[in-house]
$ cat work_4.cif   # mmCIF, C-alpha atoms
data_structure
#
loop_
_atom_site.label_atom_id
_atom_site.label_comp_id
_atom_site.auth_asym_id
_atom_site.auth_seq_id
_atom_site.Cartn_x
_atom_site.Cartn_y
_atom_site.Cartn_z
CA MET R 259 6.52 -39.01 8.21
CA ALA R 260 5.39 -41.52 5.60
CA VAL R 261 2.37 -39.39 4.86
CA GLU R 262 4.70 -36.55 3.79
CA GLN R 263 6.32 -38.73 1.10
CA VAL R 264 5.03 -38.77 -2.45
CA GLU R 265 3.54 -42.13 -3.44
CA PRO R 266 5.32 -43.58 -6.47
CA LEU R 267 3.31 -44.20 -9.65
CA ALA R 268 2.48 -47.80 -10.66
CA CYS R 269 5.55 -47.73 -12.93
CA GLY R 270 7.77 -46.82 -9.95
CA ARG R 271 8.45 -43.21 -10.94
CA ASP R 272 8.05 -40.43 -8.39
CA ALA R 273 4.82 -38.61 -9.34
CA ALA R 274 6.11 -35.24 -8.09
CA ASP R 275 9.23 -35.64 -10.26
CA VAL R 276 7.08 -36.29 -13.33
CA TRP R 277 5.08 -33.15 -12.55
CA GLU R 278 8.27 -31.09 -12.13
CA HIS R 279 9.68 -32.47 -15.40
CA ALA R 280 6.44 -31.60 -17.22
CA GLU R 281 6.72 -28.09 -15.77
CA ALA R 282 10.34 -27.69 -16.83
CA GLY R 283 9.83 -29.40 -20.22
CA THR R 284 12.44 -32.04 -19.35
CA LEU R 285 10.38 -35.25 -19.61
CA ASP R 286 12.49 -38.29 -20.49
CA GLU R 287 11.68 -41.07 -22.95
CA HIS R 288 9.99 -43.29 -20.36
CA GLU R 289 7.85 -40.43 -19.03
CA LEU R 290 6.73 -39.55 -22.57
CA SER R 291 5.55 -43.06 -23.36
CA CYS R 292 4.46 -44.63 -20.02
CA PRO R 293 0.65 -44.45 -19.51
CA HIS R 294 1.01 -43.73 -15.76
CA CYS R 295 3.43 -40.88 -16.37
CA ARG R 296 1.22 -39.61 -19.22
CA SER R 297 -1.71 -39.45 -16.82
CA ALA R 298 0.34 -37.35 -14.35
CA GLN R 299 1.28 -35.04 -17.23
CA ALA R 300 -2.38 -34.70 -18.22
CA ASP R 301 -3.10 -33.49 -14.66
CA HIS R 302 -0.28 -30.98 -14.99
CA ASP R 303 -1.52 -29.77 -18.37
CA ARG R 304 -5.10 -29.47 -17.15
CA LEU R 305 -4.12 -27.07 -14.36
CA GLY R 306 -1.24 -25.23 -16.02
CA GLY R 307 -3.01 -22.49 -17.96
CA LEU R 308 -5.60 -21.95 -15.27
CA VAL R 309 -2.96 -21.51 -12.57
CA THR R 310 -1.10 -19.01 -14.75
CA ARG R 311 -4.31 -17.01 -15.11
CA MET R 312 -4.97 -17.14 -11.38
CA ALA R 313 -1.40 -16.00 -10.64
CA ALA R 314 -1.79 -13.08 -13.07
CA GLU R 315 -4.88 -11.69 -11.37
CA GLN R 316 -4.34 -8.30 -9.75
CA LEU R 317 -5.15 -8.39 -6.06
CA ARG R 318 -4.41 -5.25 -4.10
CA PRO R 319 -5.33 -4.40 -0.52
CA PRO R 320 -7.36 -1.21 0.02
CA PRO R 321 -5.28 1.79 1.21
CA SER R 322 -7.13 1.72 4.55
CA VAL R 323 -5.10 -1.34 5.63
CA LEU R 324 -1.74 0.45 5.52
CA GLU R 325 -3.25 3.61 7.02
CA GLN R 326 -4.53 1.65 10.00
CA VAL R 327 -1.22 -0.16 10.40
CA ILE R 328 0.72 3.11 10.50
CA GLY R 329 -1.78 4.56 12.99
CA ALA R 330 -1.27 1.54 15.24
CA VAL R 331 2.50 1.67 14.83
CA VAL R 332 2.69 5.36 15.80
CA ALA R 333 0.52 4.66 18.85
CA ASP R 334 2.88 1.79 19.73
CA LEU R 335 5.91 4.06 20.26
CA ARG R 336 6.87 3.78 23.89
CA PRO R 337 7.59 6.51 26.48
CA HIS R 338 11.25 5.56 26.80
CA GLU R 339 11.59 6.62 23.17
CA LEU R 340 11.84 10.24 24.34
CA LEU R 341 14.84 12.51 24.72
CA VAL R 342 14.70 15.17 27.42
CA LEU R 343 14.95 18.68 26.00
CA GLY R 344 14.16 20.53 29.23
CA PRO R 345 12.10 20.29 32.42
CA ASP R 346 8.81 19.92 30.51
CA ALA R 347 9.95 19.26 26.98
CA TRP R 348 10.66 15.99 25.19
CA LEU R 349 11.50 14.96 21.67
CA GLY R 350 10.70 11.56 20.14
CA ARG R 351 13.97 9.69 19.74
CA PRO R 352 13.02 8.23 16.30
CA THR R 353 12.26 11.77 15.08
CA ALA R 354 15.64 13.06 16.26
CA GLU R 355 17.35 10.04 14.68
CA ALA R 356 15.49 10.63 11.41
CA ALA R 357 16.72 14.25 11.41
CA LEU R 358 20.34 13.13 11.84
CA ARG R 359 20.00 10.47 9.14
CA HIS R 360 18.67 13.16 6.85
CA VAL R 361 21.85 15.18 7.46
CA VAL R 362 23.92 12.19 6.30
CA ASP R 363 21.67 11.37 3.33
CA SER R 364 21.99 14.96 2.13
CA MET R 365 25.77 14.83 1.89
CA GLY R 366 25.94 12.90 -1.35
CA GLY R 367 27.80 9.58 -1.54
CA LEU R 368 26.51 8.45 1.85
CA ARG R 369 23.36 6.77 3.17
CA ALA R 370 22.56 6.45 6.85
CA ARG R 371 21.38 3.06 8.11
CA HIS R 372 21.23 2.70 11.89
CA CYS R 373 21.26 5.82 13.99
CA ARG R 374 21.01 5.50 17.76
CA ILE R 375 20.90 8.49 20.06
CA GLU R 376 21.61 7.80 23.70
CA GLN R 377 20.99 10.26 26.47
CA ARG R 378 22.58 8.82 29.55
CA ARG R 379 21.98 11.26 32.36
CA HIS R 380 19.69 14.13 33.17
CA SER R 381 21.02 17.62 33.60
CA GLU R 382 19.72 20.45 35.78
CA ASP R 383 20.39 23.22 33.31
CA GLY R 384 19.32 22.39 29.78
CA PRO R 385 19.24 19.02 28.03
CA ALA R 386 21.89 16.43 28.85
CA PRO R 387 24.32 15.84 25.98
CA VAL R 388 23.76 12.76 23.85
CA TRP R 389 25.98 10.19 22.18
CA VAL R 390 25.24 9.29 18.57
CA ARG R 391 26.12 5.94 16.98
CA MET R 392 25.59 5.77 13.27
CA THR R 393 26.19 3.15 10.59
CA VAL R 394 26.40 4.34 7.01
CA THR R 395 26.94 3.00 3.51
CA ALA R 396 29.17 4.92 1.14
CA ARG R 397 29.44 5.16 -2.63
CA PHE R 398 32.49 3.28 -3.82
CA GLY R 399 35.31 5.75 -4.40
CA VAL R 400 34.46 8.46 -1.87
CA ASP R 401 37.27 9.52 0.46
CA LEU R 402 36.06 7.79 3.63
CA ALA R 403 38.44 9.58 6.03
CA SER R 404 37.43 13.07 5.01
CA VAL R 405 33.76 12.24 4.50
CA THR R 406 33.38 10.68 7.97
CA ALA R 407 35.11 13.70 9.53
CA ARG R 408 32.56 15.87 7.78
CA VAL R 409 29.68 13.66 8.90
CA ARG R 410 30.83 14.10 12.49
CA GLN R 411 31.01 17.88 12.08
CA MET R 412 27.58 18.10 10.39
CA VAL R 413 25.91 15.82 12.96
CA VAL R 414 27.32 17.84 15.89
CA SER R 415 26.14 21.09 14.38
CA ALA R 416 22.72 19.62 13.46
CA GLY R 417 22.38 18.48 17.08
CA GLU R 418 22.60 22.07 18.26
CA ARG R 419 20.60 23.68 15.45
CA THR R 420 17.97 21.10 14.53
CA ILE R 421 17.16 19.01 17.55
CA GLY R 422 18.35 21.38 20.27
CA ILE R 423 20.50 18.90 22.18
CA PRO R 424 24.27 19.10 22.51
CA ILE R 425 26.10 16.11 21.06
CA ALA R 426 28.90 14.73 23.20
CA GLY R 427 30.26 12.36 20.60
CA VAL R 428 29.58 10.62 17.29
CA ASP R 429 30.63 7.04 16.41
CA ILE R 430 30.51 6.33 12.70
CA HIS R 431 30.76 2.86 11.24
CA VAL R 432 30.93 2.48 7.44
CA GLU R 433 29.36 -0.97 7.06
CA ASP R 434 28.89 -1.24 3.31
CA LEU R 435 29.86 0.30 -0.01
CA TRP R 436 27.71 0.65 -3.07
CA ASP R 437 28.62 1.11 -6.68
CA ASP R 438 26.24 3.08 -8.88
CA ALA R 439 27.48 1.20 -11.93
CA LEU R 440 26.29 -2.10 -10.40
CA GLY R 441 22.97 -0.63 -9.33
CA ALA R 442 23.49 -1.81 -5.75
CA GLY R 443 22.49 0.27 -2.74
CA ARG R 444 20.14 2.29 -4.87
CA MET X 73 4.86 11.70 3.82
CA GLN X 74 8.22 13.41 3.89
CA ALA X 75 6.71 16.92 3.80
CA THR X 76 4.75 16.35 7.00
CA ASP X 77 7.64 14.82 8.91
CA PRO X 78 8.78 17.34 11.54
CA ALA X 79 12.30 16.06 11.25
CA TYR X 80 12.42 17.09 7.63
CA ARG X 81 10.74 20.45 8.16
CA ALA X 82 13.07 21.29 11.02
CA HIS X 83 16.18 20.66 9.01
CA PRO X 84 17.39 23.75 7.19
CA GLY X 85 18.66 21.76 4.23
CA PRO X 86 22.06 20.54 3.22
CA GLY X 87 22.87 23.19 0.66
CA PRO X 88 21.88 23.94 -2.89
CA GLY X 89 21.35 21.21 -5.43
CA ARG X 90 21.83 18.24 -3.09
CA LEU X 91 18.66 16.48 -2.21
CA ALA X 92 18.57 13.48 0.07
CA PRO X 93 17.18 10.36 -1.66
CA ALA X 94 13.45 9.86 -1.24
CA ARG X 95 12.53 6.84 0.84
CA ALA X 96 11.12 5.15 -2.23
CA GLU X 97 14.67 5.11 -3.68
CA LEU X 98 16.36 3.55 -0.67
CA ASP X 99 17.52 -0.07 -0.71
CA GLU X 100 15.73 -2.57 1.48
CA GLN X 101 18.62 -3.17 3.88
CA THR X 102 18.80 0.53 4.68
CA LEU X 103 15.05 0.72 5.25
CA VAL X 104 15.16 -2.34 7.52
CA ALA X 105 18.00 -0.85 9.60
CA ARG X 106 16.07 2.38 9.99
CA ALA X 107 12.81 0.63 10.84
CA GLN X 108 14.70 -1.39 13.48
CA ASP X 109 15.69 1.92 15.06
CA GLY X 110 11.99 2.83 15.28
CA ASP X 111 11.68 4.96 12.13
CA VAL X 112 8.00 4.67 11.24
CA HIS X 113 8.38 6.15 7.75
CA SER X 114 10.97 3.56 6.71
CA PHE X 115 8.74 0.81 8.04
CA ALA X 116 5.81 2.27 6.10
CA GLU X 117 7.88 2.14 2.90
CA LEU X 118 8.77 -1.53 3.55
CA ALA X 119 5.11 -2.31 4.21
CA ARG X 120 4.12 -0.51 1.01
CA ARG X 121 6.61 -2.56 -1.04
CA HIS X 122 5.51 -5.92 0.35
CA GLN X 123 1.81 -5.49 0.99
CA ASP X 124 0.57 -6.61 -2.45
CA ALA X 125 2.44 -9.94 -2.33
CA LEU X 126 1.37 -10.56 1.27
CA PHE X 127 -2.23 -9.72 0.43
CA ARG X 128 -2.23 -12.06 -2.59
CA VAL X 129 -1.08 -14.92 -0.37
CA ALA X 130 -3.64 -14.10 2.31
CA VAL X 131 -6.55 -13.88 -0.17
CA ARG X 132 -5.64 -17.21 -1.81
CA VAL X 133 -4.97 -19.02 1.44
CA LEU X 134 -8.02 -17.68 3.26
CA GLY X 135 -10.35 -17.67 0.25
CA GLN X 136 -11.82 -14.22 0.80
CA ARG X 137 -10.79 -10.59 0.99
CA ALA X 138 -12.21 -9.47 4.34
CA ASP X 139 -10.23 -12.06 6.32
CA ALA X 140 -7.20 -11.40 4.13
CA GLU X 141 -7.32 -7.68 4.94
CA ASP X 142 -7.43 -8.47 8.66
CA ALA X 143 -4.60 -10.98 8.34
CA LEU X 144 -2.48 -8.48 6.38
CA GLN X 145 -3.11 -5.72 8.91
CA ASP X 146 -2.24 -7.96 11.87
CA ALA X 147 0.81 -9.32 10.05
CA LEU X 148 2.19 -5.84 9.35
CA ILE X 149 1.73 -4.81 12.99
CA ASP X 150 3.46 -8.06 14.04
CA ALA X 151 6.28 -7.22 11.65
CA TRP X 152 6.74 -3.80 13.25
CA ARG X 153 6.84 -5.29 16.74
CA LYS X 154 9.25 -8.06 15.77
CA ILE X 155 11.47 -6.22 13.30
CA GLY X 156 14.23 -5.98 15.92
CA THR X 157 14.55 -9.79 15.72
CA PHE X 158 15.12 -9.82 11.95
CA ARG X 159 18.81 -10.70 11.50
CA GLY X 160 19.01 -10.92 7.75
CA ASP X 161 19.71 -14.71 7.62
CA ALA X 162 16.85 -15.00 5.12
CA ALA X 163 15.49 -12.42 2.69
CA PHE X 164 13.23 -9.82 4.26
CA SER X 165 10.41 -10.97 1.92
CA THR X 166 10.76 -14.53 3.30
CA TRP X 167 10.48 -13.18 6.84
CA MET X 168 7.36 -11.21 5.90
CA TYR X 169 5.78 -14.21 4.13
CA ARG X 170 6.33 -16.25 7.29
CA ILE X 171 4.55 -13.66 9.44
CA VAL X 172 1.57 -13.45 7.10
CA THR X 173 1.23 -17.23 6.70
CA ASN X 174 1.33 -17.61 10.50
CA ARG X 175 -1.50 -15.11 10.71
CA CYS X 176 -3.43 -16.98 8.00
CA THR X 177 -2.98 -20.25 9.89
CA ALA X 178 -4.40 -18.61 13.01
CA VAL X 179 -7.40 -17.29 11.05
CA MET X 180 -7.99 -20.73 9.46
CA ARG X 181 -8.01 -22.37 12.89
CA ARG X 182 -10.54 -19.82 14.09
CA ASN X 183 -12.78 -20.00 11.01
CA ARG X 184 -12.98 -23.68 10.27
CA PRO X 185 -14.63 -24.72 7.96
CA THR X 186 -13.36 -22.26 5.36
CA VAL X 187 -15.69 -20.06 3.36
CA PRO X 188 -15.14 -20.01 -0.40
CA LEU X 189 -14.81 -16.74 -2.33
CA PRO X 190 -18.21 -15.07 -2.65
CA ASP X 191 -19.43 -14.48 -6.21
CA ASP X 192 -18.72 -10.73 -6.26
CA ASP X 193 -15.10 -11.47 -5.39
CA ALA X 194 -14.88 -14.31 -7.86
CA PRO X 195 -11.52 -14.46 -9.60
CA GLY X 196 -11.44 -13.76 -13.31
CA ALA X 197 -13.17 -10.37 -13.07
CA THR X 198 -10.09 -8.62 -14.39
CA LEU X 199 -9.73 -11.15 -17.19
CA VAL X 200 -13.08 -10.51 -18.83
CA ALA X 201 -11.83 -7.78 -21.12
CA GLY X 202 -9.80 -9.10 -23.99
CA SER X 203 -10.40 -12.80 -23.47
CA GLY X 204 -12.38 -13.21 -26.65
CA SER X 205 -16.09 -13.95 -26.81
CA PRO X 206 -18.34 -13.24 -23.82
CA GLU X 207 -19.12 -16.97 -23.63
CA ARG X 208 -15.44 -17.84 -23.39
CA ALA X 209 -14.87 -15.10 -20.78
CA ALA X 210 -17.73 -16.43 -18.67
CA GLU X 211 -16.31 -19.92 -18.97
CA VAL X 212 -12.87 -18.71 -17.84
CA ASP X 213 -14.50 -16.91 -14.90
CA ALA X 214 -16.42 -20.00 -13.90
CA GLU X 215 -13.37 -22.21 -14.31
CA LEU X 216 -11.24 -19.93 -12.13
CA ALA X 217 -14.03 -19.75 -9.55
CA ALA X 218 -14.15 -23.55 -9.55
CA LEU X 219 -10.38 -23.67 -8.97
CA SER X 220 -10.80 -21.21 -6.06
CA ARG X 221 -13.46 -23.42 -4.51
CA ALA X 222 -11.34 -26.52 -4.96
CA LEU X 223 -8.42 -24.67 -3.35
CA ALA X 224 -10.59 -23.66 -0.38
CA ASP X 225 -11.43 -27.33 0.21
CA LEU X 226 -7.77 -28.37 0.57
CA PRO X 227 -6.26 -28.75 4.04
CA GLY X 228 -4.67 -25.45 5.13
CA ASP X 229 -1.05 -26.67 5.07
CA GLN X 230 -1.42 -27.97 1.49
CA ARG X 231 -3.11 -24.76 0.38
CA THR X 232 -0.31 -22.62 1.83
CA CYS X 233 2.40 -24.64 0.07
CA TRP X 234 0.47 -24.61 -3.20
CA VAL X 235 -0.10 -20.83 -3.12
CA LEU X 236 3.55 -20.06 -2.27
CA ARG X 237 4.82 -22.37 -5.02
CA GLU X 238 2.31 -21.99 -7.85
CA LEU X 239 1.13 -18.39 -7.42
CA GLU X 240 4.18 -16.74 -5.82
CA GLY X 241 6.76 -18.90 -7.61
CA LEU X 242 8.89 -19.67 -4.52
CA GLY X 243 11.28 -22.64 -4.27
CA TYR X 244 11.03 -25.58 -1.84
CA ALA X 245 13.80 -24.25 0.44
CA GLU X 246 12.11 -20.88 0.86
CA ILE X 247 8.68 -22.44 1.44
CA SER X 248 10.26 -24.74 4.01
CA HIS X 249 11.72 -21.69 5.77
CA ILE X 250 8.37 -19.88 5.70
CA THR X 251 6.19 -22.76 6.87
CA GLY X 252 8.67 -24.44 9.22
CA ALA X 253 8.04 -27.80 7.49
CA SER X 254 10.88 -29.87 6.00
CA GLU X 255 11.52 -29.66 2.26
CA THR X 256 10.30 -33.27 1.93
CA ALA X 257 7.06 -32.34 3.67
CA VAL X 258 6.66 -29.25 1.45
CA ARG X 259 7.17 -31.38 -1.66
CA GLY X 260 4.61 -33.95 -0.45
CA ARG X 261 1.99 -31.33 0.45
CA LEU X 262 2.46 -29.53 -2.84
CA HIS X 263 2.04 -32.74 -4.80
CA ARG X 264 -1.09 -33.78 -2.92
CA ALA X 265 -2.53 -30.31 -3.50
CA ARG X 266 -1.74 -30.47 -7.21
CA THR X 267 -3.31 -33.88 -7.74
CA ALA X 268 -6.40 -33.00 -5.66
CA LEU X 269 -6.94 -29.82 -7.68
CA ALA X 270 -6.39 -31.65 -10.98
CA GLU X 271 -8.93 -34.26 -9.91
CA ARG X 272 -11.52 -31.60 -9.12
CA MET X 273 -10.91 -29.75 -12.38
CA ARG X 274 -11.41 -32.87 -14.53
CA ALA X 275 -15.11 -31.99 -14.60
CA TRP X 276 -14.22 -28.99 -16.74
CA ARG X 277 -12.96 -30.96 -19.72
#
$ encode --input "work_4.cif" --output "structure tokens"
Amino acid sequence: MAVEQVEPLACGRDAADVWEHAEAGTLDEHELSCPHCRSAQADHDRLGGLVTRMAAEQLRPPPSVLEQVIGAVVADLRPHELLVLGPDAWLGRPTAEAALRHVVDSMGGLRARHCRIEQRRHSEDGPAPVWVRMTVTARFGVDLASVTARVRQMVVSAGERTIGIPIAGVDIHVEDLWDDALGAGR
Amino acid sequence: MQATDPAYRAHPGPGPGRLAPARAELDEQTLVARAQDGDVHSFAELARRHQDALFRVAVRVLGQRADAEDALQDALIDAWRKIGTFRGDAAFSTWMYRIVTNRCTAVMRRNRPTVPLPDDDAPGATLVAGSGSPERAAEVDAELAALSRALADLPGDQRTCWVLRELEGLGYAEISHITGASETAVRGRLHRARTALAERMRAWR
């Protein structure tokens, strides 16, 4: 591990410390007058402005990178990510979950985080009912009891109307609160 | 993206005057939770927010844009596949930096020896305007190009530490988390990188 250590300067000071002190503007009396420390500071000063300019350069990836990533990600979705709507009809689970999250987001004072839809068994006539587990964050001050009751009601009705699958039950877990005044949970 | 999402088109709407927040307004923790459930659009928003920083690191560590674009693309796909393992012990940005630096390390192993930035990608191009006389601007360009070349000649582990510290402004603890090296090792690598670069740039004074 010795090679990972910083060699001390001839005066005994840690060279990396001197560099950090030069950076922070906290050089002590010795460091300001010792020739070895002064030489380390000169190195720092030589690079300083140039590094700032390099850091300020705008480097942006071309839009094609993200486009290709999203293409690959969509192609990566697996077959078990499907809900059975009927004998020859399926719905992507992430799509159905996004629709239910949207219901929650639209209520005001709530944001959906996780949403998991589970379809446990197949049914002969029509789609098998699903169970929905959802975690949400709420604006500080909303009446959690009444708002979660309403979430349940809205999610059940959206199940029928929007995704075409009956919902057997909805578990809701309020896992966080946000306060607009603090700017959290934007 | 929202308009083309079938989930959004299918939904009749929550009622007048109440619009759901756009994805761009959602906090990172919410986007991560949704992406972990397989929501591609939330993942795309996370990727959009982080891609510039990840690309900067990849360009500086790899020394050229083409490899950096490949590393960024592979890193983002890795992030999608592994997002279920993100537990929130570190910041999401730290987790993403780790994935991209791992990709860069793999590219460096494959490419050895490294290729410096070609002239048309030379740094400083955006600094020409407003830096005073044309002579001074050319000098700044050449000086930055020289720093890029000196950086490309450093060992990969030193370069990664230097880029994360000096260009991204991260602390030792975070760099240690990203690279998997101890904080002492990070400090040592950073210092060796700094002194080697200073040595090379002495020619410019």
$ interface_residues --input "work_4.cif" --of "chain R" --to "chain X" --cutoff "7 Å" --atoms "all atoms listed in the file" --output "PDB file with C-alpha atoms, in the coordinates of the input"
ATOM      1  CA  GLU R 262       4.700 -36.550   3.790  1.00  0.00           C
ATOM      2  CA  GLN R 263       6.320 -38.730   1.100  1.00  0.00           C
ATOM      3  CA  VAL R 264       5.030 -38.770  -2.450  1.00  0.00           C
ATOM      4  CA  ALA R 274       6.110 -35.240  -8.090  1.00  0.00           C
ATOM      5  CA  ASP R 301      -3.100 -33.490 -14.660  1.00  0.00           C
ATOM      6  CA  ARG R 304      -5.100 -29.470 -17.150  1.00  0.00           C
ATOM      7  CA  LEU R 305      -4.120 -27.070 -14.360  1.00  0.00           C
ATOM      8  CA  LEU R 308      -5.600 -21.950 -15.270  1.00  0.00           C
ATOM      9  CA  MET R 312      -4.970 -17.140 -11.380  1.00  0.00           C
ATOM     10  CA  ALA R 313      -1.400 -16.000 -10.640  1.00  0.00           C
ATOM     11  CA  GLU R 315      -4.880 -11.690 -11.370  1.00  0.00           C
ATOM     12  CA  LEU R 317      -5.150  -8.390  -6.060  1.00  0.00           C
ATOM     13  CA  ARG R 318      -4.410  -5.250  -4.100  1.00  0.00           C
ATOM     14  CA  PRO R 319      -5.330  -4.400  -0.520  1.00  0.00           C
ATOM     15  CA  VAL R 323      -5.100  -1.340   5.630  1.00  0.00           C
ATOM     16  CA  VAL R 327      -1.220  -0.160  10.400  1.00  0.00           C
ATOM     17  CA  ILE R 328       0.720   3.110  10.500  1.00  0.00           C
ATOM     18  CA  VAL R 331       2.500   1.670  14.830  1.00  0.00           C
ATOM     19  CA  PRO R 352      13.020   8.230  16.300  1.00  0.00           C
ATOM     20  CA  THR R 353      12.260  11.770  15.080  1.00  0.00           C
ATOM     21  CA  ALA R 354      15.640  13.060  16.260  1.00  0.00           C
ATOM     22  CA  ALA R 356      15.490  10.630  11.410  1.00  0.00           C
ATOM     23  CA  ALA R 357      16.720  14.250  11.410  1.00  0.00           C
ATOM     24  CA  HIS R 360      18.670  13.160   6.850  1.00  0.00           C
ATOM     25  CA  VAL R 361      21.850  15.180   7.460  1.00  0.00           C
ATOM     26  CA  ASP R 363      21.670  11.370   3.330  1.00  0.00           C
ATOM     27  CA  SER R 364      21.990  14.960   2.130  1.00  0.00           C
ATOM     28  CA  MET R 365      25.770  14.830   1.890  1.00  0.00           C
ATOM     29  CA  GLY R 366      25.940  12.900  -1.350  1.00  0.00           C
ATOM     30  CA  ARG R 371      21.380   3.060   8.110  1.00  0.00           C
ATOM     31  CA  HIS R 372      21.230   2.700  11.890  1.00  0.00           C
ATOM     32  CA  CYS R 373      21.260   5.820  13.990  1.00  0.00           C
ATOM     33  CA  ARG R 374      21.010   5.500  17.760  1.00  0.00           C
ATOM     34  CA  THR R 420      17.970  21.100  14.530  1.00  0.00           C
ATOM     35  CA  GLY R 443      22.490   0.270  -2.740  1.00  0.00           C
ATOM     36  CA  ARG R 444      20.140   2.290  -4.870  1.00  0.00           C
TER      37      ARG R 444
END
$ closest_residue --input "work_4.cif" --among "R:Glu325, R:Gly283, R:Leu435, R:Ile421" --to "R:Asp401" --atoms "only C-alpha atoms"
R:Leu435
$ closest_residue --input "work_4.cif" --among "X:Arg221, X:Arg95, X:Arg121, X:Arg272" --to "R:Ala370" --atoms "all atoms listed in the file"
X:Arg95
$ residues_around --input "work_4.cif" --residues "R:Ala268" --least-positions-apart "3" --cutoff "10 Å" --atoms "all atoms listed in the file" --output "PyMOL selection string"
chain R and resi 265+271-273+293-295
$ atom_distance --input "work_4.cif" --atom1 "atom CA of R:Arg397" --atom2 "atom CA of R:Ile423"
29.7 Å
$ atom_distance --input "work_4.cif" --atom1 "atom CA of R:Arg410" --atom2 "atom CA of X:Arg159"
27.6 Å
$ closest_residue --input "work_4.cif" --among "X:Ala143, X:Leu134, X:Leu118, X:Val179" --to "X:Ile155" --atoms "only C-alpha atoms"
X:Leu118
$ resolve_selection --input "work_4.cif" --expression "the PyMOL selection byres ((chain R and resi 426) around 7)" --output "ChimeraX atom specification"
/R:387-389,424-425,427
$ residues_around --input "work_4.cif" --residues "stretch 428-434 of chain R" --least-positions-apart "2" --cutoff "8 Å" --atoms "all atoms listed in the file" --output "JSON, numbers by chain"
{"R": [389, 390, 391, 392, 393, 394, 395, 396, 406, 410, 413, 414, 425, 426, 436]}
$ atom_distance --input "work_4.cif" --atom1 "atom CA of R:Met412" --atom2 "atom CA of R:Gln377"
19.1 Å
$ residues_around --input "work_4.cif" --residues "X:Asp229" --least-positions-apart "3" --cutoff "9 Å" --atoms "all atoms listed in the file" --output "ChimeraX atom specification"
/X:177,226,232-234,251,258,261
$ write_last_selection --input "work_4.cif" --atoms "C-alpha atoms" --output "PDB file, in the coordinates of the input"
ATOM      1  CA  THR X 177      -2.980 -20.250   9.890  1.00  0.00           C
ATOM      2  CA  LEU X 226      -7.770 -28.370   0.570  1.00  0.00           C
ATOM      3  CA  THR X 232      -0.310 -22.620   1.830  1.00  0.00           C
ATOM      4  CA  CYS X 233       2.400 -24.640   0.070  1.00  0.00           C
ATOM      5  CA  TRP X 234       0.470 -24.610  -3.200  1.00  0.00           C
ATOM      6  CA  THR X 251       6.190 -22.760   6.870  1.00  0.00           C
ATOM      7  CA  VAL X 258       6.660 -29.250   1.450  1.00  0.00           C
ATOM      8  CA  ARG X 261       1.990 -31.330   0.450  1.00  0.00           C
TER       9      ARG X 261
END
